[in-house]
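S.K.: My questions all concern the structure below.
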Amino acid sequence: MSVISLIVGIILSGFASRLYLQPVNRFIDQINRLAAGDFKARIFFGKPIASHPTFQEIETSFNKMAQELESTQMLRSDFINNFSHEFKTPLVSIRGFAKLLEKGTLSEEKQKKYLGIIVSESTRLADMATKVLNLTKLENQEILTDIEKFNLSEQIRESVLLLEKKWEAKNLSFLAAFDEFYIEGNEEMLKHVWINLLDNAIKFSEEGHEPGISGKGDL
């Protein structure tokens, strides 16, 4: 009788072990899918283990992480597609105008015009390359290693001056009224932020408008 009880106990023990190992094995399978780049991997524990708070937390955390990775991958793919298109456009322009200049049959006026376009498109390509490099730094957190204290107010004034030709062309006048601010941060990256913001302000302001920059207090 004791032998039969022992056998039954072993069988039941093995069955219970398999029962509780199934969700663990399922979890490992989904982790492997995620590690292989399949961001659609999700884990859903079945009953009765799904009612346990610990497994509920694991399920929620894993699925949230997988969802965020999937969203990031979609954004990355969209960025690559859009960037490829944007990068190709100026290259096509440069090539086309360079071929026209190569023929040597253009008037001096047209040569200057086409050379101006080539310079402009080349600058555009350089700006795009710089933005991608900055995004790479941001993604790799290299931006966090270049922190220093600097005069934020002076940086904004310099950014306004850099865009002087653009806002003068639209007969704009910037009203700058702010205290002197000193902050700690990545000076180069913040400069790009102000230039982009000011450039958009100029682009979308009506001619003769007076965009303003103001700020008070301590940072």
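Ordered as shown in the structure tokens, chains take letters A, B, and onward, while each chain numbers its residues from 1 and ligands are numbered from 1 in the order shown.
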Do you have, as a tab-separated table, the list of residues of region 45-116 of chain A lying at most 10 Å from region 120-131 of chain A, each with its nearest atom pair and that distance in Å to one decimal, counting only C-alpha atoms and ordered by chain then number?
M.R.:
residue	atom	partner	partner_atom	distance
A:Phe83	CA	A:Met128	CA	8.6
A:Glu86	CA	A:Met128	CA	8.8
A:Phe87	CA	A:Leu125	CA	6.7
A:Lys88	CA	A:Leu125	CA	9.3
A:Thr89	CA	A:Glu121	CA	9.0
A:Pro90	CA	A:Glu121	CA	5.3
A:Leu91	CA	A:Glu121	CA	7.7
A:Val92	CA	A:Glu121	CA	9.7
A:Ser93	CA	A:Glu121	CA	7.5
A:Ile94	CA	A:Glu121	CA	6.7
A:Tyr114	CA	A:Ser120	CA	9.7
A:Leu115	CA	A:Ser120	CA	8.5
A:Gly116	CA	A:Ser120	CA	6.1
S.K.: Which one of A:Glu148, A:Ala66, A:Leu133, A:Thr105 sits closest to Arg33 (chain A) if you count only C-alpha atoms?
M.R.: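 Residue with the minimum atom-to-atom distance to Arg33 (chain A): A:Ala66.
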S.K.: Among region 31-217 of chain A, which ones does DSSP place in strand (DSSP E), written as a ChimeraX atom specification?
M.R.: /A:148-151,175-178,182-185,212-215
S.K.: Those same residues - N, CA and C atoms - I'd like them written as an mmCIF file, in the first residue's frame.
M.R.:
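What ended up in part_0.cif:
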data_model
loop_
_atom_site.group_PDB
_atom_site.id
_atom_site.type_symbol
_atom_site.label_atom_id
_atom_site.label_comp_id
_atom_site.auth_asym_id
_atom_site.auth_seq_id
_atom_site.Cartn_x
_atom_site.Cartn_y
_atom_site.Cartn_z
ATOM 1 N N GLU A 148 27.439 71.321 -18.722
ATOM 2 C CA GLU A 148 28.200 72.447 -18.191
ATOM 3 C C GLU A 148 27.257 73.606 -17.890
ATOM 4 N N LYS A 149 27.716 74.536 -17.069
ATOM 5 C CA LYS A 149 26.922 75.706 -16.730
ATOM 6 C C LYS A 149 27.195 76.798 -17.760
ATOM 7 N N PHE A 150 26.121 77.434 -18.246
ATOM 8 C CA PHE A 150 26.283 78.490 -19.242
ATOM 9 C C PHE A 150 25.137 79.491 -19.149
ATOM 10 N N ASN A 151 25.318 80.622 -19.827
ATOM 11 C CA ASN A 151 24.332 81.697 -19.830
ATOM 12 C C ASN A 151 23.269 81.403 -20.886
ATOM 13 N N LEU A 175 11.037 90.900 -30.016
ATOM 14 C CA LEU A 175 10.988 91.592 -28.732
ATOM 15 C C LEU A 175 11.527 90.639 -27.670
ATOM 16 N N ALA A 176 12.745 90.894 -27.202
ATOM 17 C CA ALA A 176 13.378 90.022 -26.209
ATOM 18 C C ALA A 176 13.401 90.722 -24.862
ATOM 19 N N ALA A 177 12.628 90.206 -23.921
ATOM 20 C CA ALA A 177 12.570 90.799 -22.576
ATOM 21 C C ALA A 177 12.663 89.680 -21.544
ATOM 22 N N PHE A 178 13.870 89.411 -21.087
ATOM 23 C CA PHE A 178 14.042 88.356 -20.088
ATOM 24 C C PHE A 178 15.271 88.634 -19.233
ATOM 25 N N TYR A 182 21.211 81.367 -15.841
ATOM 26 C CA TYR A 182 22.342 80.442 -15.947
ATOM 27 C C TYR A 182 21.845 79.048 -15.599
ATOM 28 N N ILE A 183 22.096 78.097 -16.466
ATOM 29 C CA ILE A 183 21.632 76.726 -16.218
ATOM 30 C C ILE A 183 22.765 75.740 -16.475
ATOM 31 N N GLU A 184 22.565 74.502 -16.042
ATOM 32 C CA GLU A 184 23.492 73.413 -16.338
ATOM 33 C C GLU A 184 22.829 72.466 -17.328
ATOM 34 N N GLY A 185 23.509 72.208 -18.431
ATOM 35 C CA GLY A 185 22.949 71.343 -19.456
ATOM 36 C C GLY A 185 23.906 71.199 -20.616
ATOM 37 N N GLY A 212 7.755 87.549 -29.698
ATOM 38 C CA GLY A 212 8.359 87.938 -28.426
ATOM 39 C C GLY A 212 8.964 86.769 -27.675
ATOM 40 N N ILE A 213 10.027 87.072 -26.956
ATOM 41 C CA ILE A 213 10.664 86.079 -26.070
ATOM 42 C C ILE A 213 10.739 86.721 -24.690
ATOM 43 N N SER A 214 10.148 86.094 -23.700
ATOM 44 C CA SER A 214 10.160 86.677 -22.380
ATOM 45 C C SER A 214 10.364 85.606 -21.317
ATOM 46 N N GLY A 215 10.828 86.037 -20.140
ATOM 47 C CA GLY A 215 11.010 85.082 -19.052
ATOM 48 C C GLY A 215 11.528 85.801 -17.818
#
S.K.: I'd like the contact shell of Ser205 (chain A) - 12 Å cut-off, only C-alpha atoms, skipping same-chain residues fewer than 2 positions apart - returned as a list in words.
M.R.: Lys166, Trp167, Ala169, Lys170, Asn171, Leu172, Ser173, Phe174, Leu198, Asp199, Asn200, Ala201, Ile202, Lys203, Glu207, Gly208, His209, Glu210, Pro211 and Gly212 of chain A
S.K.: May I ask for the distance between CA of Ile195 (chain A) and CA of Val132 (chain A), given in Å to one decimal place?
M.R.: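 Interatomic distance here is 16.2 Å.
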S.K.: Which of these residues is nearest to Ile58 (chain A), using only C-alpha atoms: A:Ile31, A:Ala36, A:Leu152, A:Val193?
M.R.: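 Closest to Ile58 (chain A), using only C-alpha atoms: A:Ile31.
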S.K.: List as JSON, numbers by chain the protein and nucleic acid residues near Thr60 (chain A), meaning an atom at most 12 Å away when only C-alpha atoms are counted, but skip any in the same chain fewer than 6 places from it.
M.R.: {"A": [42, 43, 44, 45, 50, 53, 54, 66, 67]}
S.K.: What's the separation between CA of Phe204 (chain A) and CA of Leu163 (chain A), in Å to one decimal place?
M.R.: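 It comes out at 14.2 Å.
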S.K.: Quick one, how far is CA of Lys40 (chain A) from CA of Ser84 (chain A)?
M.R.: 25.8 Å
